[in-house]
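S.K.: Okay, here's the structure, questions in a sec.
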Number of protein chains: 2
Amino acid sequence: MIPNWLMKRASLSPEAPALSFEGETLSYAELYDRAMDHAGKLRAAGLHAGSRAALLGGTSAEMAVLIHGCLLAGVEMVLLNVRLTAEEIGYQLGDAAADLLICEDFCIPQTGSANCGALSYSDFSRLPAHPVEPEREWQDDRTLTIMYTSGTTGFPKGVRQTAGNHTASAVSAVLNSGLRDGDAWLHMMPLFHISGFSILARAVLYGTEVRLFRKFDAYLAAEEIGSGRVSGMSAVAVTLERLLTEFERSGRTVPETFRTLLAGGGPVPVNYLERAQRIGLPVLQTYGMTETSSQTATLSAGDALRKIGSAGKPLFFSDIRIEGAAGPGSRGEILIRGPHVTKGYVGRHSGKGALQDGWLHSGDIGYFDEDGFLFVSDRRSDLIISGGENIYPAEIEEVLAAHPAVKEAGVCAMRDEKWGAVPAAFIKTTGPQQLDPEDLEIFCRERLAAYKVPKVFRFIEEMPRNSSNKLMRSRLRELAADENVDRQH
Amino acid sequence: MIPNWLMKRASLSPEAPALSFEGETLSYAELYDRAMDHAGKLRAAGLHAGSRAALLGGTSAEMAVLIHGCLLAGVEMVLLNVRLTAEEIGYQLGDAAADLLICEDFCIPQTGSANCGALSYSDFSRLPAHPVEPEREWQDDRTLTIMYTSGTTGFPKGVRQTAGNHTASAVSAVLNSGLRDGDAWLHMMPLFHISGFSILARAVLYGTEVRLFRKFDAYLAAEEIGSGRVSGMSAVAVTLERLLTEFERSGRTVPETFRTLLAGGGPVPVNYLERAQRIGLPVLQTYGMTETSSQTATLSAGDALRKIGSAGKPLFFSDIRIEGAAGPGSRGEILIRGPHVTKGYVGRHSGKGALQDGWLHSGDIGYFDEDGFLFVSDRRSDLIISGGENIYPAEIEEVLAAHPAVKEAGVCAMRDEKWGAVPAAFIKTTGPQQLDPEDLEIFCRERLAAYKVPKVFRFIEEMPRNSSNKLMRSRLRELAADENVDRQH
């Protein structure tokens with residue numbers, strides 16, 4: 001049994017600061033009251049315990065309160081990426097069998113394909129609050145959130161994250177990162193990603209403050225850190241780089257009270273880590289994914305300097321092994337087990353368990369060094385990680401293949417200075433006619449979130465395939481590398 | 001699934017200090033190696049995973065290593081109170097169906113009634129270490145320890161404490177007390193009590209140091225605290241008082257790095273709490289028992305001053321309610337629920353579940369104030385808490401009733417300046433013959449741990465009984481109060 005996080009926290013430390021946003025700070029008692037009001041509105045909207053609400057919006061106090069309102073009302077959340085197209089949103093709503101979509105007003109144009117009721121924030125906020133009895137506690141297996149990840153099959157998969165998953169993740173994290181009176185976490189991440197949601201979850205379990213911002217801003221981040229207002233922050237490689245540049249530019253110093261810059265969501269160049277060392281910014285690399293409800297291995301502060309480039313050791317309640325590894329240094333697929341690992345997917349993918357023999361097969365390649373530190377050497381070979389967003393080529397290929405003039409499409413990652421990687425598309429057309437790359441781009445933009453739209457379209461005569469006719473993505477990546485050289489000259 | 005604590009911790013922070021005792025400090029890697037050696041010796045002694053070893057000894061590094069050895073080997077521990085008589089030990093060994101008793105050499109005279117094999121530490125240490133595969137992980141319900149508590153029925157009850165119980169307790173505690181690099185806990189408690197065992201469990205989960213001493217010593221405690229070597233310490237009322245006196249006498253100051261003096265094991269006089277405030281010693285009252293694997297409610301540092309006398313709020317994963325209470329201030333029996341609460345007893349009491357409708361009935365009386373803080377107003381009405389040891393009158397009455405010249409015996413608590421309370425016995429003899437109190441005392445000493453032996457024996461003509469013939473212990477306590485006045489003049 002897990003107590004309803006916010007209900008328990010508001011009873012334990014009602015006066016502690018909970019959430020700061022745009023100059024206003026709510027205590028845990030105030031956050032509870034606002035979230036209870038939202039829980040009442042969710043009832044008014046016809047949602048009961050076990051209903052599913054899809055939430056679509058940016059990072060804001062309103063969204064954080066709505067999330068806690070769902071948790072209090074026992075409403076399962078489908079957290080939608082605000083960058084998705086109407087078509088993608090329609091798919092996820094249908095796949096998750098959402099009962100209602102609640103979206104920020106500016107997202108209304110994206111909800112055209114919604115096959116369930118939809119309410120804007122404005123309309124939602126005008127609902128009367130019905131009486132509501134908060135869900136006092138959760139079984140371990142209670143679904144709290146559903147987050148879609150790009151799927152290897154071309155269809156995004158709805159990952160079911162339970163109360164037990166999120167709680168175990170937060171507990172493992174505190175045993176690695178410590179906990180002090182006055183701790184506060186700088187939150188400039190999307191709330192719909194596990195990285196951002198898990199910040200809310202940890203804070204309410206620990207009784208610490210979240211300092212929330214609409215989006216990443218290097219100047220404001222350096223200001224929050226430099227002034228000693230926060231003790232931790234989450235970032236991905238691209239935002240870390242901008243933060244480093246800001247510190248280097250301004251000559252600001254990092255106070256000792258700032259203990260953790262958690263860098264995840266993909267590989268972080270060692271060069272960034274070295275720059276962070278030079279300015280005294282304690283960057284701890286972490287490795288995790290939607291299916292592990294955030295961190296599964298994290299470097300600890302004590303090891304940060306001597307194990308640069310490592311994602312640390314498996315957290316206390318997390319178990320990791322390298323499939324087929326012969327010993328230290330030997331590479332293989334990273335397998336993960338523990339109470340933080342998803343029990344499975346919803347919708348189309350619900351039949352297939354997420355685990356094989358109790359282990360989650362991450363698809364990532366890594367190794368342990370002789371001291372037991374994890375190094376993630378290759379992400380799922382076909383996965384494209386672009387500025388912290390995961391993109392599976394299959395999803396883009398599926399869209400391209402639907403274009404009447406496209407016979408075959410192959411997509412792979414192409415290195416990018418700013419985003420780490422971007423998608424590149426290789427096309428074999430149906431006939432000898434010319435096809436304008438711009439047409440394809442427009443075609444994709446209508447159907448895919450902008451970050452998924454290939455930055456390069458290249459026409460080829462034959463798709464590189466192996467003898468069993470399987471697409472050789474490694475060959476595509478070589479072609480993309482050549483293409484990239486062209487692009488930069 | 002819970003990872004084997006020490007195995008996981010030694011992999012996470014092998015070089016961190018784990019255990020200091022008599023001038024030697026073991027790192028987690030060293031502690032693991034020694035405990036694995038002990039696990040091998042346990043195998044050599046014929047114990048396998050699921051066997052039960054009873055451990056009898058004082059507080060020492062040897063005992064702490066042996067405890068971790070049992071945890072690695074999967075051997076369930078029956079932790080025996082070193083102050084028990086041979087007869088009491090015989091009972092507990094039999095009731096728990098222990099496979100082997102391992103005892104400190106000086107305890108050998110107490111093992112006369114053992115109905116299982118017995119090994120002294122010396123003999124144990126000379127065993128060859130057999131190969132042993134450590135138990136890598138535990139199911140939540142895996143029994144780790146069995147501790148006997150005085151029983152209301154006259155027979156001590158063997159409380160079964162699982163991996164889930166101890167782990168949930170430690171996790172709840174860290175969310176209340178925080179965790180910093182360099183934290184160290186001063187351990188001057190018996191290892192066989194939950195208060196002492198839980199210090200080991202928390203340390204290995206947190207990766208912090210235990211500074212272990214054979215017994216409480218006010219001078220050394222003040223030295224450890226004053227020098228900044230420790231950040232926390234556990235105490236009961238009687239040891240807290242001696243520590244306060246030492247600080248007052250020496251004029252030593254308490255450094256800011258010392259955050260928690262956890263005071264439990266029974267009521268702490270408010271006067272002590274006020275004295276602690278004056279010298280800046282952060283005393284946090286806690287409420288817990290063997291059945292809750294240590295703390296279930298604890299005052300937090302932020303509330304210590306304004307809620308003096310309270311045991312705080314129910315910890316994050318702990319739920320407490322007052323039976324039949326009408327609201328704030330309304331008294332009733334304290335009921336407890338959560339993953340830290342025992343699933344039940346072993347042996348004679350195994351049939352009766354520990355819980356009623358999912359709640360542990362503590363027998364203690366308390367109330368919540370209007371801010372949700374727990375005040376424990378009366379311990380189980382018949383329980384005698386003497387210097388942190390729990391004594392049930394029924395157990396002493398059972399022994400006294402076995403004396404040929406005793407017709408009826410009634411035992412109750414009598415206030416005591418030093419120990420808080422001591423047992424007082426009221427005797428109705430079988431005939432008119434004179435009975436020497438000294439004979440009764442000797443009779444008790446042979447059968448009961450010294451702290452359970454009544455300090456006063458008083459002969460009465462009739463036991464005070466109510467209309468349904470139930471012993472009126474409240475009337476006995478009045479008689480004892482009179483007796484006490486006599487004793488002190």
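Scheme for the structure tokens: letters A, B, ... for chains in order shown; per-chain residue numbers from 1; ligand numbers from 1 in order shown.
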For chain B, list the residues within 7 Å of chain A, counting only C-alpha atoms, and write the list as number ranges by chain.

M.R.: B: 1-3, 8, 12, 175, 178-180, 206, 313, 316-317, 338

S.K.: Write a file of the selected residues as a PDB file, in the first residue's frame, keeping C-alpha atoms.

M.R.:
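Dumped everything to part_31.pdb:
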```
ATOM      1  CA  MET B   1      12.024  -7.780  -4.736  1.00  0.00           C
ATOM      2  CA  ILE B   2      14.507  -6.290  -2.321  1.00  0.00           C
ATOM      3  CA  PRO B   3      18.222  -6.630  -2.998  1.00  0.00           C
ATOM      4  CA  LYS B   8      23.993  -4.185  -2.931  1.00  0.00           C
ATOM      5  CA  LEU B  12      27.378   0.731  -4.643  1.00  0.00           C
ATOM      6  CA  LEU B 175      12.025  10.684   4.182  1.00  0.00           C
ATOM      7  CA  GLY B 178      17.068  13.291   5.474  1.00  0.00           C
ATOM      8  CA  LEU B 179      20.382  11.881   4.312  1.00  0.00           C
ATOM      9  CA  ARG B 180      23.722  13.570   3.789  1.00  0.00           C
ATOM     10  CA  TYR B 206      21.682   4.535   3.171  1.00  0.00           C
ATOM     11  CA  LYS B 313       3.284  12.378  12.625  1.00  0.00           C
ATOM     12  CA  PHE B 316       5.377   8.470   5.020  1.00  0.00           C
ATOM     13  CA  PHE B 317       4.486   4.798   4.597  1.00  0.00           C
ATOM     14  CA  GLY B 338       1.657  -0.125   6.759  1.00  0.00           C
TER      15      GLY B 338
END
```

S.K.: Pull the alpha helix (DSSP H) assignments for range 300-453 of chain B out of DSSP run on the backbone, and list those residues as a PyMOL selection string.

M.R.: chain B and resi 393-401+437-447

S.K.: Selected residues, C-alpha atoms, written as an mmCIF file, in the first residue's frame, please.

M.R.:
```cif
data_model
loop_
_atom_site.group_PDB
_atom_site.id
_atom_site.type_symbol
_atom_site.label_atom_id
_atom_site.label_comp_id
_atom_site.auth_asym_id
_atom_site.auth_seq_id
_atom_site.Cartn_x
_atom_site.Cartn_y
_atom_site.Cartn_z
ATOM 1 C CA PRO B 393 3.077 -8.334 34.233
ATOM 2 C CA ALA B 394 1.503 -11.588 33.053
ATOM 3 C CA GLU B 395 4.916 -13.122 32.449
ATOM 4 C CA ILE B 396 6.036 -12.392 36.017
ATOM 5 C CA GLU B 397 2.712 -13.467 37.494
ATOM 6 C CA GLU B 398 3.058 -16.775 35.654
ATOM 7 C CA VAL B 399 6.427 -17.387 37.330
ATOM 8 C CA LEU B 400 5.254 -16.306 40.786
ATOM 9 C CA ALA B 401 2.145 -18.464 40.567
ATOM 10 C CA PRO B 437 10.276 -11.787 50.030
ATOM 11 C CA GLU B 438 13.905 -12.730 49.503
ATOM 12 C CA ASP B 439 12.892 -16.314 48.702
ATOM 13 C CA LEU B 440 10.516 -14.995 46.069
ATOM 14 C CA GLU B 441 13.194 -12.760 44.639
ATOM 15 C CA ILE B 442 15.633 -15.673 44.326
ATOM 16 C CA PHE B 443 12.862 -17.783 42.821
ATOM 17 C CA CYS B 444 12.273 -15.078 40.216
ATOM 18 C CA ARG B 445 15.954 -14.494 39.512
ATOM 19 C CA GLU B 446 16.351 -18.116 38.499
ATOM 20 C CA ARG B 447 13.515 -17.818 36.003
#
```

S.K.: Quick one: residues within 8 Å of range 188-201 of chain A, only C-alpha atoms, excluding same-chain residues fewer than 3 positions away - as a list in words?

M.R.: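 Residues near the query, excluding close chain neighbours: Trp5, Gly58, Thr59, Met63, Ala64, Leu79, Leu80, Asn81, Met147, His166, Thr167, Ala170, Trp185, Val204, Leu205, Val210, Leu212, Phe213, Arg214, Lys215, Phe216, Asp217, Ser234, Ala235, Gly265, Met289, Thr290, Ser293 and Ser294 of chain A.
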
S.K.: Selection from above, C-alpha atoms, as a CSV table (one decimal), in the first residue's frame, can you write it?

M.R.:
```
chain,number,residue,atom,x,y,z
A,5,TRP,CA,1.5,11.1,-2.2
A,58,GLY,CA,3.1,22.8,-21.7
A,59,THR,CA,4.9,23.1,-18.4
A,63,MET,CA,-0.6,21.4,-15.5
A,64,ALA,CA,1.2,20.4,-12.3
A,79,LEU,CA,0.4,12.4,-20.7
A,80,LEU,CA,0.6,13.7,-24.3
A,81,ASN,CA,3.6,15.3,-25.9
A,147,MET,CA,3.3,7.8,-21.5
A,166,HIS,CA,7.1,5.8,-9.5
A,167,THR,CA,7.5,5.3,-5.8
A,170,ALA,CA,11.8,8.1,-6.1
A,185,TRP,CA,14.6,21.2,-7.7
A,204,VAL,CA,6.1,15.3,-3.1
A,205,LEU,CA,7.6,12.1,-1.6
A,210,VAL,CA,9.8,22.3,-7.3
A,212,LEU,CA,8.9,25.3,-12.2
A,213,PHE,CA,9.5,27.2,-15.5
A,214,ARG,CA,7.6,27.0,-18.8
A,215,LYS,CA,10.7,26.0,-20.6
A,216,PHE,CA,14.5,25.8,-20.4
A,217,ASP,CA,16.2,29.2,-20.2
A,234,SER,CA,17.5,18.0,-14.6
A,235,ALA,CA,18.8,18.5,-18.1
A,265,GLY,CA,17.7,11.5,-21.9
A,289,MET,CA,13.7,5.5,-19.8
A,290,THR,CA,10.0,5.8,-19.8
A,293,SER,CA,9.9,5.5,-14.6
A,294,SER,CA,13.0,7.6,-14.8
```

S.K.: Report, in Å with one decimal, the straight-line distance from CA of Pro267 in chain B to CA of Arg321 in chain B.

M.R.: 19.1 Å

S.K.: Between CA of Thr145 in chain A and CA of Gly158 in chain A, what is the spacing in Å?

M.R.: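 A separation of 9.6 Å between them.
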
S.K.: Between CA of Ala304 in chain A and CA of Gly324 in chain A, what distance in Å does the model show, to one decimal?

M.R.: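 Spanning CA of Ala304 in chain A to CA of Gly324 in chain A is a straight-line distance of 27.7 Å.
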
S.K.: Would you please extract all strand (DSSP E or B) residues from range 130-350 of chain A, as assigned by DSSP on the backbone, and give them as an NGL selection string?

M.R.: :A and (137-138 or 143-149 or 157-162 or 179 or 184-187 or 209-212 or 232-235 or 260-263 or 283-289 or 294-298 or 312-314 or 319-322 or 332-337 or 344-346)
